[in-house]
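Here's the structure we're looking at; comments come further down.
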Amino acid sequence: MFVTRQKIREERFMREVYLENHANTRIDERVLAVMLPYFRELYGNAQSIHSLGAKSKEAIERARGQVAGLIGGRESEIYFTSCASEANNLAIKGVAEANRQKGRHVIVSEIEHFSVLNAARRLSQQGFEVTLLPVDRYGLVSPADLRKAIREDTTLVSVQHANPEIGTVQSLAELGRICREKGIAFHTDAVCTVGIVPVDVNSLEADLLTLAGAQFYGPKGAAALYVRKGVRILPQIDGGIQENGRRAGTENVPAIVGFGVACELIQHEMEANARHLLHLRDRLVEALPEKIPHLYINGHPERHLPNNINLSVEFVEGEGMFLFLDQKGIYVSSGSACASKALKMSHVLTAIKVDTAVGQGSILLTLSKYNTEEDIDYLLAEFPPIVAKLRDMSPLYSYFQKTGQRRVAGPGTDYEHEHEENREDG
Amino acid sequence: MPFYSEKVMDHFQNPRNVGEINAADGVGEIGNPVCGDMMTFYISVKDGVIDDVKFKTFGCGAAIAVSSMVSEMAKGKTLDEAMTITNASVAQELGGLPANKMHCSNLGADALHRAIEDYRKKQGEEA
């Protein structure tokens, strides 16, 4: 028996507000419509040479053009993968391994997605050296740090275009130029920016770039790695001749078709979408700190995505907020320690040095074109009482109310901690 | 399968005995070095029986549910009985906890036991 969303909604909520659009977006109906025939009628394997196979092959090549068109690359430079994690793995391991004779040093930023960080960690277990680039309190990598980190034997640098957790957008071209100057391959995970803000592989000076359609109203199951002509890379899935031998495995034709269409549609709609997202974001950024005292917005004040807001709410823990919001039909991401299996504050918030006591009350809201003014009204009405309820339960809050002093939870229960006065402008 | 059992969600959403007791007979506080949670338990004792319990908790859904359950289990019990409340019995009463949340149940019973120890220490001092 299938449980439909309608049913879930009727059983549990009045309203449903989806604010986890970095995790996945709702598919655009126009995208879905183009995909459906490739499930039902046009099911041939794209590598088959009969007519039905040829239809699938044609569809994939059309999509390749649509993807290339969105990011300013050539069709022959687009390699389809099953997801962005696979594309990141291919980029990091594939380029490092292909250039093994040249050098065994790889540089990645410390706030990369785990598919970059863990791919780099794997390399470090196989005789490579990995340097983690630090970021400042806003999440920016400094070009000077990159220059310092580069060595004779560096073959690859990977810095994400924007960070999914705090939304900070890097000055990527500057980093790319340094790599180009030194003849080092430069990869960027642009999953959070492609389809949201204009991305061009040439102006960003990127040699490799990861993108995924599920971030901008395409389906899950298809992503791509852009690989500039001339960049040496070894496949990570060995097998047949698909994707020019660089990524074996039967192509997920419906998903690739949908990905392509999503790329084409977004080219025309990105600007209007971004205006809408930014307007909703501005409303939240303005109203939330007014309605909820001791709330801090993380990330860069200007260089941020139009659809990302990372908040730290002091004196409460993130999972509690997350669960109460869920009860109200508001779906967010919990950046909190307790919601993750590691039970630590996220590596991104740690890297930008968010105070551990405050960082525990972090949640992430990411918007899509489907979010409305009413969604924002609903969140602004429901969220403050949730925080108030949790603060009523919080020993840290009652201590603060009684004494005006802050104390940290956990290991620091025995000492007062010094509150950083300049935290608010972070 | 939802992350938390129905009972955990009930205690999280409608926690029993939240608050503080002014001039409590015993206060116990504990912090978790792993996840940063913190619980404070307040008890008032009459004729060797826990007459009232209140708590405040900073922590995840499980931590709040555990505090609420411990407070219910302790109320009306003698001090010796309350000392036998264990992490395992709290988790069991809640219908189980996810594996990575079991450490939260440790906090609840420990905070209560500390409040009882605090009471006993004060009694000893007075005697």
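Residue numbers start at 1 in each chain; chains themselves are named A, B, ... in the order of the structure tokens; ligands are numbered from 1 in the order shown.
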Residue list for chain B near chain A as a ChimeraX atom specification, 8 Å, only C-alpha atoms: /B:13,18-19,30-40,55-61,100
Name all residues at most 6 Å from stretch 56-63 of chain A (count only C-alpha atoms; drop same-chain ones fewer than 4 positions away) and give them as a compact mmCIF listing (two decimals) with N, CA and C atoms, in the first residue's frame.
# COMPACT_ATOMS: atom_id res chain seq x y z
N ALA A 46 20.52 2.77 -24.24
CA ALA A 46 21.12 3.77 -25.12
C ALA A 46 22.30 3.21 -25.92
N VAL A 257 17.26 12.65 -19.18
CA VAL A 257 16.36 13.49 -19.99
C VAL A 257 15.78 14.61 -19.12
N GLY A 260 18.35 17.25 -18.30
CA GLY A 260 18.57 18.14 -19.45
C GLY A 260 17.49 19.20 -19.57
May I have all residues of stretch 33-114 of chain B that DSSP, computed from the backbone, assigns to alpha helix (DSSP H), given as a PyMOL selection string? chain B and resi 61-74+79-83+87-93+102-114
Between stretch 34-138 of chain A and stretch 148-159 of chain A, at 9 Å or less, what are the per-residue closest atom pairs and their distances in Å? Count only C-alpha atoms, order by chain and rising residue number, and return it as a tab-separated table.
residue	atom	partner	partner_atom	distance
A:Ala91	CA	A:Ser158	CA	8.9
A:Ile92	CA	A:Leu156	CA	7.6
A:Val95	CA	A:Leu156	CA	7.0
A:Ala96	CA	A:Leu156	CA	6.6
A:Asn99	CA	A:Thr155	CA	6.6
A:Arg100	CA	A:Thr155	CA	8.3
A:Lys102	CA	A:Asp153	CA	6.7
A:Gly103	CA	A:Asp153	CA	4.1
A:Arg104	CA	A:Asp153	CA	6.0
A:His105	CA	A:Thr154	CA	4.4
A:Val106	CA	A:Leu156	CA	5.0
A:Ile107	CA	A:Val157	CA	4.7
A:Val108	CA	A:Ser158	CA	4.7
A:Ser109	CA	A:Val159	CA	5.6
A:Glu110	CA	A:Val159	CA	8.9
A:Ile111	CA	A:Val159	CA	8.6
A:Glu112	CA	A:Val159	CA	6.9
A:Val116	CA	A:Ser158	CA	8.0
A:Thr131	CA	A:Ala149	CA	7.1
A:Leu132	CA	A:Ala149	CA	8.8
A:Leu133	CA	A:Ala149	CA	7.7
Just the selected residues (C-alpha atoms), exported as a PDB file, in the first residue's frame, please.
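Here's the written file selection.pdb:
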ATOM      1  CA  ALA A  91      36.706  14.286 -10.062  1.00  0.00           C
ATOM      2  CA  ILE A  92      38.821  13.882  -6.927  1.00  0.00           C
ATOM      3  CA  VAL A  95      42.196  13.332 -11.504  1.00  0.00           C
ATOM      4  CA  ALA A  96      44.524  12.428  -8.612  1.00  0.00           C
ATOM      5  CA  ASN A  99      48.245  12.407 -12.463  1.00  0.00           C
ATOM      6  CA  ARG A 100      49.903  10.101  -9.974  1.00  0.00           C
ATOM      7  CA  LYS A 102      53.204  13.965 -11.788  1.00  0.00           C
ATOM      8  CA  GLY A 103      52.547  14.412  -8.106  1.00  0.00           C
ATOM      9  CA  ARG A 104      50.623  13.120  -5.142  1.00  0.00           C
ATOM     10  CA  HIS A 105      49.383  16.226  -3.395  1.00  0.00           C
ATOM     11  CA  VAL A 106      45.737  17.304  -3.385  1.00  0.00           C
ATOM     12  CA  ILE A 107      44.184  20.413  -1.808  1.00  0.00           C
ATOM     13  CA  VAL A 108      40.538  20.658  -0.729  1.00  0.00           C
ATOM     14  CA  SER A 109      38.767  23.133   1.531  1.00  0.00           C
ATOM     15  CA  GLU A 110      37.728  21.995   4.990  1.00  0.00           C
ATOM     16  CA  ILE A 111      34.058  22.809   4.385  1.00  0.00           C
ATOM     17  CA  GLU A 112      33.609  20.571   1.341  1.00  0.00           C
ATOM     18  CA  VAL A 116      34.866  15.419  -1.591  1.00  0.00           C
ATOM     19  CA  THR A 131      45.938  19.600   2.529  1.00  0.00           C
ATOM     20  CA  LEU A 132      42.715  20.977   4.006  1.00  0.00           C
ATOM     21  CA  LEU A 133      42.333  24.679   3.306  1.00  0.00           C
TER      22      LEU A 133
END
Compile the contact shell of B:Val53 as a PyMOL selection string: residues with an atom at most 10 Å away, counting only C-alpha atoms, same-chain residues fewer than 3 positions apart removed. chain B and resi 16-21+24+26-27+41-45+50+68+70-76+112+115
For the selection you just gave me, I'd like the residues written to a file as an mmCIF file, in the first residue's frame, keeping N, CA and C atoms.
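Saved to again-v2.cif:
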data_model
loop_
_atom_site.group_PDB
_atom_site.id
_atom_site.type_symbol
_atom_site.label_atom_id
_atom_site.label_comp_id
_atom_site.auth_asym_id
_atom_site.auth_seq_id
_atom_site.Cartn_x
_atom_site.Cartn_y
_atom_site.Cartn_z
ATOM 1 N N ARG B 16 6.253 16.182 31.036
ATOM 2 C CA ARG B 16 5.678 16.328 32.370
ATOM 3 C C ARG B 16 6.723 16.955 33.291
ATOM 4 N N ASN B 17 6.235 17.750 34.246
ATOM 5 C CA ASN B 17 7.087 18.245 35.347
ATOM 6 C C ASN B 17 8.227 19.164 34.910
ATOM 7 N N VAL B 18 7.997 19.928 33.873
ATOM 8 C CA VAL B 18 9.025 20.905 33.495
ATOM 9 C C VAL B 18 9.000 22.061 34.484
ATOM 10 N N GLY B 19 10.160 22.517 34.883
ATOM 11 C CA GLY B 19 10.217 23.702 35.737
ATOM 12 C C GLY B 19 11.304 23.581 36.781
ATOM 13 N N GLU B 20 11.203 24.439 37.772
ATOM 14 C CA GLU B 20 12.184 24.433 38.850
ATOM 15 C C GLU B 20 11.426 24.440 40.171
ATOM 16 N N ILE B 21 12.061 23.982 41.234
ATOM 17 C CA ILE B 21 11.452 24.079 42.566
ATOM 18 C C ILE B 21 12.275 25.079 43.363
ATOM 19 N N ALA B 24 14.461 23.885 46.627
ATOM 20 C CA ALA B 24 14.353 22.429 46.485
ATOM 21 C C ALA B 24 15.192 21.748 47.559
ATOM 22 N N GLY B 26 16.750 18.936 47.031
ATOM 23 C CA GLY B 26 17.950 18.429 46.355
ATOM 24 C C GLY B 26 17.978 18.879 44.908
ATOM 25 N N VAL B 27 19.174 19.206 44.437
ATOM 26 C CA VAL B 27 19.324 19.618 43.035
ATOM 27 C C VAL B 27 20.444 18.785 42.412
ATOM 28 N N PHE B 41 17.786 18.511 37.651
ATOM 29 C CA PHE B 41 16.627 17.945 38.357
ATOM 30 C C PHE B 41 16.498 18.584 39.740
ATOM 31 N N TYR B 42 15.258 18.878 40.106
ATOM 32 C CA TYR B 42 14.950 19.439 41.422
ATOM 33 C C TYR B 42 14.003 18.472 42.121
ATOM 34 N N ILE B 43 14.277 18.147 43.386
ATOM 35 C CA ILE B 43 13.335 17.292 44.118
ATOM 36 C C ILE B 43 12.954 17.940 45.445
ATOM 37 N N SER B 44 11.701 17.673 45.850
ATOM 38 C CA SER B 44 11.355 18.003 47.237
ATOM 39 C C SER B 44 10.969 16.681 47.906
ATOM 40 N N VAL B 45 11.412 16.507 49.125
ATOM 41 C CA VAL B 45 11.296 15.221 49.815
ATOM 42 C C VAL B 45 10.473 15.394 51.084
ATOM 43 N N ILE B 50 9.865 11.048 47.529
ATOM 44 C CA ILE B 50 9.978 12.172 46.593
ATOM 45 C C ILE B 50 8.577 12.717 46.333
ATOM 46 N N SER B 68 11.486 13.791 31.119
ATOM 47 C CA SER B 68 10.071 13.751 31.470
ATOM 48 C C SER B 68 9.714 12.397 32.083
ATOM 49 N N VAL B 70 11.762 10.160 33.492
ATOM 50 C CA VAL B 70 12.422 9.978 34.786
ATOM 51 C C VAL B 70 11.634 10.708 35.873
ATOM 52 N N SER B 71 11.156 11.903 35.557
ATOM 53 C CA SER B 71 10.428 12.683 36.568
ATOM 54 C C SER B 71 9.141 11.956 36.976
ATOM 55 N N GLU B 72 8.481 11.337 35.997
ATOM 56 C CA GLU B 72 7.258 10.590 36.310
ATOM 57 C C GLU B 72 7.553 9.352 37.143
ATOM 58 N N MET B 73 8.640 8.673 36.755
ATOM 59 C CA MET B 73 8.980 7.436 37.452
ATOM 60 C C MET B 73 9.390 7.713 38.898
ATOM 61 N N ALA B 74 10.003 8.879 39.120
ATOM 62 C CA ALA B 74 10.550 9.164 40.449
ATOM 63 C C ALA B 74 9.486 9.645 41.426
ATOM 64 N N LYS B 75 8.481 10.310 40.893
ATOM 65 C CA LYS B 75 7.490 10.942 41.776
ATOM 66 C C LYS B 75 6.784 9.905 42.635
ATOM 67 N N GLY B 76 6.717 10.134 43.939
ATOM 68 C CA GLY B 76 6.014 9.227 44.840
ATOM 69 C C GLY B 76 6.858 8.062 45.319
ATOM 70 N N LEU B 112 18.899 12.599 38.262
ATOM 71 C CA LEU B 112 18.012 12.329 39.397
ATOM 72 C C LEU B 112 18.818 11.826 40.596
ATOM 73 N N ALA B 115 20.535 14.518 42.347
ATOM 74 C CA ALA B 115 19.638 15.329 43.177
ATOM 75 C C ALA B 115 19.406 14.641 44.519
#
Find the residues near A:Ser312: any atom within 6 Å, counting only C-alpha atoms, skip ones fewer than 2 places away on the same chain, and give them as a PyMOL selection string. chain A and resi 295-296+359+361-362
Now that the selection is made, can you save its residues with C-alpha atoms as a PDB file, in the first residue's frame?
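For reference, part_5.pdb as written:
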ATOM      1  CA  LEU A 295      19.152  34.376  17.092  1.00  0.00           C
ATOM      2  CA  TYR A 296      22.175  34.584  14.837  1.00  0.00           C
ATOM      3  CA  GLY A 359      25.906  26.072  17.276  1.00  0.00           C
ATOM      4  CA  GLY A 361      20.778  25.323  18.201  1.00  0.00           C
ATOM      5  CA  SER A 362      21.350  25.510  14.470  1.00  0.00           C
TER       6      SER A 362
END
Could you pull out the strand (DSSP E or B) residues of stretch 164-276 of chain A, going by DSSP on the backbone, and write them as a PyMOL selection string? chain A and resi 168-169+185-189+194+197+208-212+223-227
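Minimum atom-to-atom distance to A:Asn88, evaluated using only C-alpha atoms, belongs to A:His187 out of A:His187, A:His22, A:Lys402, A:Arg122.
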Quick one: everything within 7 Å of stretch 89-97 of chain B, counting only C-alpha atoms, minus sequence neighbours fewer than 3 positions away in the same chain. Send it as an MDAnalysis selection string. chainID B and resid 4:5 7:8 66 69:70 85:86 101:102 105
Could the residues in this selection be saved with C-alpha atoms as a PDB file, in the first residue's frame?
ATOM      1  CA  TYR B   4      11.303   7.982  17.683  1.00  0.00           C
ATOM      2  CA  SER B   5       8.653   5.774  19.267  1.00  0.00           C
ATOM      3  CA  LYS B   7       5.874   7.324  23.612  1.00  0.00           C
ATOM      4  CA  VAL B   8       9.096   9.285  23.141  1.00  0.00           C
ATOM      5  CA  VAL B  66      13.981  10.912  29.028  1.00  0.00           C
ATOM      6  CA  MET B  69       9.909   9.978  31.940  1.00  0.00           C
ATOM      7  CA  VAL B  70      12.422   9.978  34.786  1.00  0.00           C
ATOM      8  CA  ILE B  85      15.771   3.746  38.438  1.00  0.00           C
ATOM      9  CA  THR B  86      18.317   2.846  35.791  1.00  0.00           C
ATOM     10  CA  LYS B 101      20.360   8.208  21.444  1.00  0.00           C
ATOM     11  CA  MET B 102      20.852   5.670  24.219  1.00  0.00           C
ATOM     12  CA  SER B 105      18.893   7.974  28.844  1.00  0.00           C
TER      13      SER B 105
END
7 Å contact set for A:Ala206, only C-alpha atoms, chain neighbours under 3 positions out, as a ChimeraX atom specification: /A:176,186-188,201-202,209
Find the residues near stretch 366-376 of chain A: any atom within 9 Å, counting only C-alpha atoms, skip ones fewer than 3 places away on the same chain, and give them as a compact mmCIF listing (two decimals) with C-alpha atoms, in the first residue's frame.
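selection_36.txt was written with the following content:
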# COMPACT_ATOMS: atom_id res chain seq x y z
CA ARG A 15 -0.20 22.87 6.04
CA GLU A 16 3.06 21.64 4.55
CA VAL A 17 6.05 23.92 4.05
CA TYR A 18 9.12 22.36 2.52
CA LEU A 19 12.31 24.22 3.38
CA GLU A 20 14.99 21.66 2.66
CA ASN A 21 15.63 22.42 -0.97
CA HIS A 22 19.37 21.76 -0.82
CA ALA A 23 18.47 18.16 -0.03
CA THR A 25 13.63 20.08 -4.83
CA ARG A 26 10.15 19.20 -5.97
CA PRO A 164 25.16 24.04 1.16
CA PHE A 216 16.71 22.97 -9.57
CA TYR A 217 13.49 21.03 -10.12
CA ASN A 273 13.46 32.66 -9.43
CA ALA A 274 16.44 34.28 -7.76
CA HIS A 276 11.67 35.58 -5.63
CA LEU A 277 14.02 33.53 -3.42
CA LEU A 280 11.57 35.52 0.75
CA ARG A 281 15.03 35.21 2.29
CA ARG A 283 11.79 38.66 4.81
CA LEU A 284 13.07 35.86 7.03
CA PRO A 306 19.55 33.65 -2.48
CA ASN A 307 17.86 30.56 -1.01
CA ASN A 308 19.89 29.59 2.06
CA ILE A 309 19.55 30.68 5.68
CA ASN A 310 21.50 29.03 8.46
CA ILE A 330 7.47 22.58 8.32
CA VAL A 332 13.86 21.96 7.65
CA SER A 333 17.36 20.57 8.06
CA LEU A 379 6.92 29.86 9.54
CA LEU A 380 7.09 33.27 11.20
CA ALA A 381 3.92 32.48 13.14
